[in-house]
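Novice: This is the structure I have questions about; it appears just below.
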2 protein chains.
Amino acid sequence: MKGISYKTEWVEFPDIEPLCKKLGIPPTSKKADGSDLYTLPAIHDPSTGVYISDSTLIAEYLEKTYPDTPQVFPYHTHALQAAFTAAFVNNISALWNFIVPAASNKLNPRSQEYFRRTREKSFGKVLEDIAPKGEAAIVEWERFKDGLGKADAWYAKNGGQGPFLLGETPSWGDIIVAGYLNWTRVVWGDDSPQWNDISSWNNGRWVAITEALKKYEK
Amino acid sequence: MKGISYKTEWVEFPDIEPLCKKLGIPPTSKKADGSDLYTLPAIHDPSTGVYISDSTLIAEYLEKTYPDTPQVFPYHTHALQAAFTAAFVNNISALWNFIVPAASNKLNPRSQEYFRRTREKSFGKVLEDIAPKGEAAIVEWERFKDGLGKADAWYAKNGGQGPFLLGETPSWGDIIVAGYLNWTRVVWGDDSPQWNDISSWNNGRWVAITEALKKYEK
């Protein structure tokens with residue numbers, strides 16, 4: 001099966017909203033004050049003229065428009081994948097307070113200023129006070145581990161025929177999982193205590209999934 | 001595809017644990033005090049001699065042992081079905097306080113006495129005080145509706161090709177959904193305000209799923 005060729009354009013945080021408005025890329029949700037929230041990823045498909053945002057909508061669009069390319073929702077599993085994704089994100093809710101402040105360090109100065117300002121507003125505290133500390137850090141990191149443990153129990157049902165939810169066939173839920181895990185690896189680094197910890201959990205399941213999907217990364 | 005013939009034996013609540021212990025049917029979880037909890041359904045398969053409990057384990061056993069019968073985990077979706085089931089049950093958590101006391105009324109006297117005694121112990125209050133009342137009842141019933149609404153959004157991804165998670169093909173998650181919804185219909189009755197309410201939600205999705213699965217009921 002063939003792939004779809006593409007070109008990536010990186011956009012700094014403060015430029016996302018003006019760019020989306022200029023190109024007519026729709027907002028993906030609402031801010032706390034009720035105004036439109038614009039997020040990336042978004043794509044432009046020059047062969048159809050379409051601009052589209054929200055990773056799930058992008059995947060669904062590509063799947064429908066290019067049915068001869070590898071499917072990420074095989075066997076009509078769209079509904080099951082949506083439930084899995086919601087449940088997985090809910091499972092790892094304890095991750096946010098750890099990773100949001102850490103993620104700030106990976107940004108270019110313009111994005112970092114924007115990220116700090118908007119996140120401090122939404123969390124109601126300075127970035128340095130978001131991550132739990134001391135005993136709370138131990139409890140919350142354990143809660144993150146337990147959440148991944150629940151997802152591990154789901155994955156364990158795949159019959160051991162492959163690292164993916166459907167066994168040998170990768171699908172949307174695996175991409176979501178790998179996306180979050182790669183985020184932790186990139187933010188904290190390959191040799192960080194955090195990534196070492198995550199790598200050791202659930203018999204290395206999380207490393208195995210990200211490794212198995214690597215061939216689809218550019 | 002052929003089905004599997006079976007005979008149902010109904011067991012009153014106080015007889016479940018002694019019967020399971022006598023036959024060697026394993027417990028499915030633990031009570032609050034750490035002792036074994038025995039629950040139904042359980043099956044005995046005379047062709048293999050197996051006794052097995054826990055509805056998911058029963059389904060997995062039957063699927064593995066009788067591969068020529070209709071599949072409830074088609075396309076290796078075991079892991080996705082497990083995630084869906086956990087997420088769905090979590091979504092409808094507000095239902096419990098309404099239905100547990102109501103369910104008591106449907107039981108035979110011996111089971112009713114057992115049910116009242118054990119549930120009052122686990123809830124820490126008399127059955128009559130478990131269901132929310134007044135303003136709290138409105139808020140909690142709305143929370144139950146919102147939980148089903150989230151599941152509706154997942155189902156809406158099925159492409160409208162059928163009432164089921166996978167579209168035209170019924171699978172485990174649909175059986176779980178129909179099981180809970182039929183429970184509410186049986187406990188409250190076809191003409192109850194509760195079932196009328198549920199029937200009206202999400203464009204009749206919940207009635208459609210239970211109706212479409214009716215042909216598999218004995």
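Labels for the structure tokens follow display order: chains A, B, ..., residues from 1 in each chain, ligands from 1.
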Distance cut-off 10 Å, counting only C-alpha atoms - which residues of chain B neighbour chain A? Return them as a count of residues only.
Specialist: 36
Novice: Report as a PyMOL selection string: the residues of segment 130-200 of chain B with a DSSP assignment of alpha helix (DSSP H), based on the backbone of this structure.
Specialist: chain B and resi 134-155+172-188+193-200
Novice: Which residue out of B:Leu37, B:Ile92, B:Leu127, B:Val187 has the minimum interatomic distance to Trp141 of chain B when only C-alpha atoms are used?
Specialist: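 Nearest candidate to Trp141 of chain B out of B:Leu37, B:Ile92, B:Leu127, B:Val187: B:Ile92.
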